[in-house]
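Chemist: Below is run-v6.txt; it holds compact mmCIF, C-alpha atoms.
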```txt
# COMPACT_ATOMS: atom_id res chain seq x y z
CA MET A 1 0.00 0.00 0.00
CA PRO A 2 1.21 3.56 -0.65
CA GLU A 3 2.29 5.59 2.35
CA ILE A 4 0.19 8.73 2.64
CA TRP A 5 0.21 11.11 5.59
CA LEU A 6 -2.26 13.90 6.30
CA LYS A 7 -1.90 16.76 8.73
CA TYR A 8 -4.36 16.59 11.63
CA GLY A 9 -3.80 19.45 14.04
CA THR A 10 -0.24 19.24 15.34
CA THR A 11 0.27 15.63 14.28
CA ASP A 12 0.27 13.49 11.11
CA VAL A 13 -2.15 10.65 10.42
CA ALA A 14 -1.24 7.68 8.21
CA LEU A 15 -3.76 6.56 5.60
CA ASP A 16 -3.99 3.04 4.23
CA ILE A 17 -5.33 3.12 0.68
CA LYS A 18 -5.42 0.16 -1.66
CA PHE A 19 -3.68 0.56 -5.01
CA GLY A 20 -6.90 -0.48 -6.73
CA ASN A 21 -8.75 2.48 -5.27
CA LEU A 22 -6.06 4.88 -6.46
CA LEU A 23 -6.19 3.48 -9.98
CA ALA A 24 -9.97 3.70 -10.26
CA GLN A 25 -11.42 6.77 -11.93
CA VAL A 26 -14.81 7.54 -10.42
CA CYS A 27 -17.13 9.56 -12.64
CA PRO A 28 -20.88 9.51 -13.36
CA ASP A 29 -21.91 7.38 -16.31
CA ILE A 30 -24.06 10.06 -17.96
CA PRO A 31 -24.33 10.54 -21.74
CA LEU A 32 -22.63 13.78 -22.75
CA MET A 33 -23.91 16.44 -25.13
CA SER A 34 -21.95 17.06 -28.30
CA ASP A 35 -20.64 20.53 -29.11
CA GLU A 36 -23.30 20.79 -31.82
CA ASP A 37 -26.10 19.95 -29.38
CA ILE A 38 -24.77 22.46 -26.86
CA ALA A 39 -24.57 25.21 -29.48
CA ALA A 40 -28.09 24.44 -30.72
CA THR A 41 -29.50 24.55 -27.17
CA LEU A 42 -27.80 27.85 -26.37
CA GLY A 43 -29.11 29.27 -29.62
CA ASN A 44 -32.62 29.01 -28.17
CA VAL A 45 -31.77 31.14 -25.12
CA ALA A 46 -33.57 34.50 -25.25
CA MET A 47 -31.02 37.32 -25.69
CA SER A 48 -31.15 41.07 -26.23
CA ASN A 49 -29.19 44.29 -26.04
CA ASN A 50 -28.39 45.69 -22.59
CA MET A 51 -28.17 42.24 -21.02
CA LEU A 52 -26.42 40.84 -17.94
CA ILE A 53 -25.01 37.31 -17.75
CA LEU A 54 -24.13 36.40 -14.17
CA ALA A 55 -22.10 33.21 -13.66
CA LEU A 56 -22.98 31.69 -10.28
CA SER A 57 -20.17 29.13 -10.34
CA ARG A 58 -16.46 29.12 -11.13
CA SER A 59 -16.60 25.56 -12.45
CA LYS A 60 -15.19 24.77 -15.89
CA PRO A 61 -18.59 23.77 -17.38
CA VAL A 62 -20.11 27.12 -16.37
CA GLN A 63 -17.11 29.02 -17.74
CA ARG A 64 -17.41 27.11 -21.00
CA ILE A 65 -21.12 27.90 -21.38
CA VAL A 66 -20.56 31.58 -20.59
CA GLN A 67 -17.89 31.74 -23.29
CA MET A 68 -20.21 30.04 -25.79
CA LEU A 69 -23.02 32.46 -24.88
CA GLN A 70 -20.65 35.35 -25.51
CA ALA A 71 -19.83 33.90 -28.93
CA VAL A 72 -23.54 33.66 -29.79
CA ILE A 73 -24.11 37.22 -28.57
CA GLN A 74 -21.22 38.52 -30.66
CA SER A 75 -22.39 36.68 -33.77
CA ARG A 76 -25.86 38.19 -33.44
CA GLY A 77 -24.55 41.71 -32.90
CA PHE A 78 -26.10 42.42 -29.50
CA GLU A 79 -24.66 45.44 -27.69
CA GLY A 80 -24.32 46.48 -24.07
CA VAL A 81 -23.92 42.93 -22.77
CA HIS A 82 -22.11 42.52 -19.45
CA VAL A 83 -20.71 39.30 -17.98
CA ASN A 84 -19.98 39.06 -14.25
CA GLY A 85 -19.16 36.36 -11.72
CA VAL A 86 -20.47 35.70 -8.23
CA ARG A 87 -20.22 38.89 -6.24
CA LYS A 88 -22.10 40.97 -3.72
CA LEU A 89 -24.91 43.01 -5.23
CA PRO A 90 -25.80 46.55 -4.09
CA ILE A 91 -27.68 46.67 -0.80
CA MET A 92 -31.37 47.48 -0.69
CA GLU A 93 -30.80 51.13 0.28
CA SER A 94 -28.65 51.78 -2.81
CA ASN A 95 -30.07 54.64 -4.88
CA GLU A 96 -28.67 53.03 -8.03
CA GLY A 97 -30.06 49.56 -7.33
CA PHE A 98 -32.65 47.98 -9.62
CA ASN A 99 -34.87 45.29 -8.13
CA VAL A 100 -35.42 42.26 -10.37
CA GLY A 101 -37.30 40.51 -7.57
CA SER A 102 -40.45 41.35 -5.65
CA HIS A 103 -41.02 43.63 -2.67
CA ASP A 104 -40.89 40.77 -0.17
CA CYS A 105 -38.02 38.95 -1.95
CA PRO A 106 -35.87 41.72 -3.46
CA LEU A 107 -32.77 41.13 -5.56
CA PHE A 108 -30.98 44.35 -6.46
CA LEU A 109 -28.64 44.86 -9.40
CA GLY A 110 -26.36 47.83 -9.91
CA ARG A 111 -28.37 49.09 -12.89
CA ARG A 112 -31.36 48.28 -15.06
CA TYR A 113 -30.98 45.55 -17.68
CA GLU A 114 -33.41 44.49 -20.37
CA ASN A 115 -32.50 40.85 -19.83
CA VAL A 116 -30.75 39.01 -16.97
CA ILE A 117 -29.47 35.44 -17.29
CA PHE A 118 -27.99 33.44 -14.41
CA VAL A 119 -25.73 30.51 -15.30
CA SER A 120 -25.17 27.78 -12.72
CA ARG A 121 -24.39 24.11 -12.33
CA THR A 122 -26.97 21.90 -10.61
CA SER A 123 -25.50 19.59 -7.97
CA TYR A 124 -26.28 18.11 -4.57
CA ASP A 125 -26.40 20.30 -1.46
CA PRO A 126 -26.52 19.25 2.23
CA LEU A 127 -29.01 21.95 3.30
CA PHE A 128 -31.26 22.48 0.27
CA GLY A 129 -30.98 18.98 -1.15
CA PHE A 130 -29.82 20.43 -4.46
CA SER A 131 -27.77 23.45 -5.49
CA GLY A 132 -28.57 25.70 -8.43
CA THR A 133 -29.66 29.22 -9.29
CA PRO A 134 -32.49 29.52 -6.68
CA THR A 135 -30.36 28.24 -3.79
CA ILE A 136 -27.23 30.18 -4.78
CA LEU A 137 -29.17 33.44 -5.09
CA LEU A 138 -30.74 32.80 -1.70
CA ARG A 139 -27.41 31.96 -0.07
CA TYR A 140 -25.50 34.96 -1.43
CA TYR A 141 -28.03 37.73 -1.96
CA MET A 142 -31.16 37.15 0.17
CA GLN A 143 -29.96 36.96 3.75
CA ASP A 144 -33.41 37.22 5.36
CA ARG A 145 -34.83 34.40 3.27
CA MET A 146 -31.65 32.38 3.81
CA LEU A 147 -32.29 32.56 7.54
CA ALA A 148 -35.85 31.33 6.96
CA ALA A 149 -34.52 28.43 4.89
CA PHE A 150 -32.06 27.46 7.61
CA GLU A 151 -34.74 27.59 10.29
CA SER A 152 -37.09 25.43 8.19
CA ARG A 153 -34.78 22.40 8.22
CA ARG A 154 -36.18 19.35 9.99
CA SER A 155 -32.88 18.26 11.57
CA ASN A 156 -29.20 19.12 11.75
CA LEU A 157 -28.24 16.18 9.53
CA PRO A 158 -27.33 16.79 5.87
CA THR A 159 -30.04 15.99 3.32
CA PRO A 160 -28.42 15.90 -0.14
CA GLY A 161 -30.75 14.74 -2.89
CA VAL A 162 -33.89 15.29 -0.77
CA ASP A 163 -36.75 17.66 -1.61
CA CYS A 164 -36.85 19.40 1.76
CA PRO A 165 -38.37 22.60 3.28
CA PRO A 166 -35.26 24.78 2.65
CA MET A 167 -35.63 23.96 -1.05
CA ALA A 168 -39.24 25.18 -0.97
CA VAL A 169 -38.08 28.48 0.56
CA ALA A 170 -35.46 28.93 -2.18
CA LEU A 171 -37.94 28.21 -4.97
CA SER A 172 -40.50 30.56 -3.45
CA ALA A 173 -37.92 33.37 -3.31
CA SER A 174 -37.05 32.93 -7.01
CA GLU A 175 -40.58 32.57 -8.39
CA LYS A 176 -41.08 36.30 -9.01
CA LEU A 177 -37.60 37.16 -10.28
CA SER A 178 -37.63 39.00 -13.61
CA ALA A 179 -34.74 36.94 -14.93
CA ALA A 180 -33.90 33.67 -16.66
CA SER A 181 -31.38 30.95 -15.94
CA VAL A 182 -29.25 28.40 -17.73
CA GLU A 183 -28.87 25.31 -15.53
CA LEU A 184 -26.17 22.76 -16.30
CA VAL A 185 -25.94 19.10 -15.40
CA ALA A 186 -22.26 18.36 -15.83
CA SER A 187 -19.27 16.39 -14.62
CA ASN A 188 -15.54 16.62 -15.14
CA SER A 189 -16.06 14.69 -18.37
CA GLY A 190 -18.43 17.19 -19.95
CA ILE A 191 -21.97 18.58 -20.03
CA SER A 192 -24.94 16.21 -19.92
CA GLY A 193 -27.85 18.63 -19.94
CA ILE A 194 -28.72 22.31 -20.37
CA TYR A 195 -32.03 23.71 -19.17
CA SER A 196 -32.91 27.36 -19.75
CA GLY A 197 -35.83 29.70 -19.29
CA ASN A 198 -37.80 30.29 -16.10
CA ILE A 199 -35.49 29.99 -13.09
CA CYS A 200 -37.59 27.53 -11.09
CA ASP A 201 -38.65 25.39 -14.06
CA GLY A 202 -35.08 25.15 -15.37
CA PHE A 203 -33.84 24.15 -11.93
CA ARG A 204 -36.53 21.47 -11.52
CA ASN A 205 -35.75 20.03 -14.96
CA ALA A 206 -32.04 19.94 -14.17
CA ILE A 207 -32.74 18.17 -10.87
CA GLN A 208 -34.84 15.58 -12.70
CA LYS A 209 -31.96 14.92 -15.09
CA LEU A 210 -29.41 14.76 -12.26
CA THR A 211 -31.40 12.35 -10.11
CA SER A 212 -32.26 10.10 -13.06
CA ALA A 213 -28.60 9.51 -13.84
CA THR A 214 -26.83 9.74 -10.47
CA THR A 215 -27.26 8.70 -6.85
CA VAL A 216 -25.95 10.16 -3.63
CA GLU A 217 -25.00 8.17 -0.53
CA VAL A 218 -24.47 9.68 2.91
CA ASP A 219 -22.65 7.88 5.71
CA TYR A 220 -23.71 9.46 8.96
CA ALA A 221 -21.16 9.60 11.75
CA LYS A 222 -21.87 7.30 14.67
CA SER A 223 -21.27 8.69 18.14
CA ALA A 224 -22.33 8.11 21.71
CA ILE A 225 -22.22 10.16 24.89
CA VAL A 226 -21.22 8.04 27.86
CA GLY A 227 -21.73 9.41 31.35
CA GLY A 228 -20.47 7.94 34.57
```
I need this file expressed as structure tokens, please.
Modeler:
Amino acid sequence: MPEIWLKYGTTDVALDIKFGNLLAQVCPDIPLMSDEDIAATLGNVAMSNNMLILALSRSKPVQRIVQMLQAVIQSRGFEGVHVNGVRKLPIMESNEGFNVGSHDCPLFLGRRYENVIFVSRTSYDPLFGFSGTPTILLRYYMQDRMLAAFESRRSNLPTPGVDCPPMAVALSASEKLSAASVELVASNSGISGIYSGNICDGFRNAIQKLTSATTVEVDYAKSAIVGG
């Protein structure tokens, strides 16, 4: 067995790993989209002048899709298109802020855009069950609703892959957003699905694709409190 040591506090811990496990390459067995299929799907995304594309992930699949969207935008001659990554948006009191949400679930941008597109990668999440545009927006930009989502959890144990109350809070907060999303189902091998349009519908469709092709297993830690 290979000798591997990991730092644990002020000491080192030895790990015993079989060679077979090191040689195995673990990746989801999901059919991948061809470049032609990806381009055709992105060609159906509604675009316009004065548009904002906000990438909600730094993953390679999201970066690739943003670059391909930029190529489509350039080929169609749209102007005033801005591309940004995950960042803090102006606070509610900002005089320059433009609310693309509702009064009870505001989401403020720095200026008014004719079209706003969020790009994210759908995956599993321990609190919401799944991660995507609705949950990322809630986590980063809607602190009050994020607190409500956290308080709605049924237990302190992680619930990846489960349709749970925090997910309902996230979907409710995104229902009235005047924006669209491009949700990706992807792995390190490539992109398996692209779902665009309404934020909540695109997220649900991406979840359906993800759960139909993958599974998630959680090993809960076992502990006991012994008193004398």
Chemist: Have a look at A:Met167, A:Thr135, A:Leu52, A:Val62 and name the one nearest to Gly110 in chain A; count all atoms listed in the file.
Modeler: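 When distances to Gly110 in chain A are compared using all atoms listed in the file, the smallest one comes from A:Leu52.
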Chemist: Which neighbours of Gly85 in chain A fall inside 12 Å, counting only C-alpha atoms, when residues of the same chain fewer than 2 positions from it are skipped, and could you give them as a list in words?
Modeler: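 Those residues are Leu52, Ile53, Leu54, Ala55, Leu56, Ser57, Arg58, Ser59, Val62, Gln63, Val66, His82, Val83, Arg87, Lys88, Leu89, Ile117, Phe118, Val119 and Ser120 of chain A.
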Chemist: Pull the neighbourhood of (-32.8, 15.6, 11.4) for me: all residues within 12 Å in file coordinates, counting all atoms listed in the file, as a VMD selection string.
Modeler: chain A and resid 126 to 127 152 to 159 164 220
Chemist: Compare A:Thr133, A:Ser178, A:Asn115, A:Ser123 by their minimum atom-to-atom distance to Thr215 in chain A, counting all atoms listed in the file, and give me the closest one.
Modeler: A:Ser123
Chemist: Compare A:Phe108, A:Phe203, A:Trp5, A:Phe128 by their minimum atom-to-atom distance to Leu184 in chain A, counting only C-alpha atoms, and give me the closest one.
Modeler: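 Among A:Phe108, A:Phe203, A:Trp5, A:Phe128, it is A:Phe203 that comes nearest to Leu184 in chain A.
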Chemist: Pick from A:Gln208, A:Thr214, A:Ser196, A:Gln143: nearest to Ile65 in chain A, with only C-alpha atoms counted?
Modeler: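 So, comparing all the options, the nearest one is A:Ser196.
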Chemist: With all atoms listed in the file counted, which protein, DNA or RNA residues have an atom no more than 8 Å from (-20.8, 10.5, -22.9) in the file frame? Please answer as a list in words.
Modeler: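 In the file's frame, the residues around the point are Asp29, Ile30, Pro31, Leu32, Met33, Ser189, Gly190 and Ser192 of chain A.
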Chemist: Calculate how many Å separate CA of Ser181 in chain A from CA of Cys200 in chain A, rounding to one decimal.
Modeler: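 Rounded to one decimal, the two atoms are 8.6 Å apart.
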Chemist: With all atoms listed in the file as the atoms that count, which of A:Phe78, A:Phe98, A:Tyr195, A:Tyr140 lies nearest to Thr122 in chain A?
Modeler: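 When distances to Thr122 in chain A are compared using all atoms listed in the file, the smallest one comes from A:Tyr195.
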Chemist: Work out how far CA of Val185 in chain A is from CA of Ala39 in chain A, in Å to one decimal.
Modeler: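 These two atoms are separated by 15.4 Å.
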Chemist: Hey, which of A:Gly193, A:Gly132, A:Pro165, A:Gly202 ends up closest to Asp35 in chain A? Count only C-alpha atoms.
Modeler: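 Nearest to Asp35 in chain A: A:Gly193.
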Chemist: What does the structure give for the distance between CA of Tyr141 in chain A and CA of Leu109 in chain A, in Å to one decimal?
Modeler: 10.3 Å
Chemist: Mind checking which residues fall within 12 Å of His103 in chain A, counting only C-alpha atoms, ignoring those fewer than 3 positions away in the same chain, and posting them as a list in words?
Modeler: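 Selected residues are Met92, Phe98, Asn99, Val100, Pro106, Leu107, Phe108, Ala173, Lys176 and Leu177 of chain A.
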Chemist: Can you fill out range 70-81 of chain A with all heavy atoms and hand it back as a tab-separated table (two decimals), keeping the file's coordinate frame?
Modeler:
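Saved file part-v3.tsv follows:
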```tsv
chain	number	residue	atom	x	y	z
A	70	GLN	N	-21.27	34.13	-25.00
A	70	GLN	CA	-20.65	35.35	-25.51
A	70	GLN	C	-20.42	35.26	-27.02
A	70	GLN	O	-20.59	36.25	-27.74
A	70	GLN	CB	-19.33	35.60	-24.78
A	70	GLN	CG	-19.49	36.06	-23.34
A	70	GLN	CD	-18.16	36.25	-22.65
A	70	GLN	OE1	-17.41	35.31	-22.43
A	70	GLN	NE2	-17.86	37.49	-22.31
A	71	ALA	N	-20.04	34.08	-27.49
A	71	ALA	CA	-19.83	33.90	-28.93
A	71	ALA	C	-21.14	34.06	-29.70
A	71	ALA	O	-21.17	34.69	-30.77
A	71	ALA	CB	-19.22	32.53	-29.19
A	72	VAL	N	-22.23	33.51	-29.15
A	72	VAL	CA	-23.54	33.66	-29.79
A	72	VAL	C	-23.96	35.13	-29.80
A	72	VAL	O	-24.46	35.65	-30.81
A	72	VAL	CB	-24.59	32.80	-29.06
A	72	VAL	CG1	-25.98	33.07	-29.64
A	72	VAL	CG2	-24.26	31.33	-29.17
A	73	ILE	N	-23.75	35.80	-28.68
A	73	ILE	CA	-24.11	37.22	-28.57
A	73	ILE	C	-23.34	38.05	-29.60
A	73	ILE	O	-23.90	38.92	-30.27
A	73	ILE	CB	-23.82	37.72	-27.14
A	73	ILE	CG1	-24.82	37.09	-26.16
A	73	ILE	CG2	-23.89	39.24	-27.07
A	73	ILE	CD1	-24.45	37.27	-24.71
A	74	GLN	N	-22.05	37.77	-29.71
A	74	GLN	CA	-21.22	38.52	-30.66
A	74	GLN	C	-21.65	38.26	-32.10
A	74	GLN	O	-21.69	39.18	-32.92
A	74	GLN	CB	-19.75	38.14	-30.46
A	74	GLN	CG	-18.78	38.97	-31.29
A	74	GLN	CD	-17.33	38.64	-30.98
A	74	GLN	OE1	-17.04	37.68	-30.26
A	74	GLN	NE2	-16.42	39.43	-31.51
A	75	SER	N	-21.99	37.01	-32.40
A	75	SER	CA	-22.39	36.68	-33.77
A	75	SER	C	-23.71	37.32	-34.16
A	75	SER	O	-23.96	37.60	-35.33
A	75	SER	CB	-22.48	35.16	-33.93
A	75	SER	OG	-23.55	34.63	-33.15
A	76	ARG	N	-24.56	37.59	-33.16
A	76	ARG	CA	-25.86	38.19	-33.44
A	76	ARG	C	-25.84	39.72	-33.33
A	76	ARG	O	-26.85	40.37	-33.58
A	76	ARG	CB	-26.92	37.63	-32.48
A	76	ARG	CG	-27.17	36.14	-32.69
A	76	ARG	CD	-28.26	35.63	-31.77
A	76	ARG	NE	-28.51	34.21	-31.98
A	76	ARG	CZ	-29.41	33.50	-31.30
A	76	ARG	NH1	-30.15	34.10	-30.36
A	76	ARG	NH2	-29.57	32.22	-31.54
A	77	GLY	N	-24.71	40.26	-32.91
A	77	GLY	CA	-24.55	41.71	-32.90
A	77	GLY	C	-25.22	42.43	-31.76
A	77	GLY	O	-25.49	43.64	-31.86
A	78	PHE	N	-25.50	41.74	-30.65
A	78	PHE	CA	-26.10	42.42	-29.50
A	78	PHE	C	-25.07	43.34	-28.85
A	78	PHE	O	-23.87	43.03	-28.80
A	78	PHE	CB	-26.61	41.41	-28.48
A	78	PHE	CG	-27.79	40.61	-28.95
A	78	PHE	CD1	-27.74	39.23	-29.03
A	78	PHE	CD2	-28.97	41.25	-29.32
A	78	PHE	CE1	-28.82	38.50	-29.47
A	78	PHE	CE2	-30.06	40.53	-29.76
A	78	PHE	CZ	-29.99	39.15	-29.84
A	79	GLU	N	-25.54	44.46	-28.31
A	79	GLU	CA	-24.66	45.44	-27.69
A	79	GLU	C	-25.04	45.66	-26.23
A	79	GLU	O	-26.17	45.39	-25.81
A	79	GLU	CB	-24.73	46.78	-28.45
A	79	GLU	CG	-24.29	46.68	-29.90
A	79	GLU	CD	-24.41	48.00	-30.63
A	79	GLU	OE1	-25.04	48.93	-30.06
A	79	GLU	OE2	-23.88	48.11	-31.75
A	80	GLY	N	-24.07	46.18	-25.47
A	80	GLY	CA	-24.32	46.48	-24.07
A	80	GLY	C	-24.52	45.25	-23.21
A	80	GLY	O	-25.30	45.27	-22.26
A	81	VAL	N	-23.80	44.17	-23.53
A	81	VAL	CA	-23.92	42.93	-22.77
A	81	VAL	C	-22.77	42.84	-21.77
A	81	VAL	O	-21.60	42.99	-22.14
A	81	VAL	CB	-23.90	41.70	-23.71
A	81	VAL	CG1	-23.97	40.42	-22.90
A	81	VAL	CG2	-25.05	41.78	-24.70
```
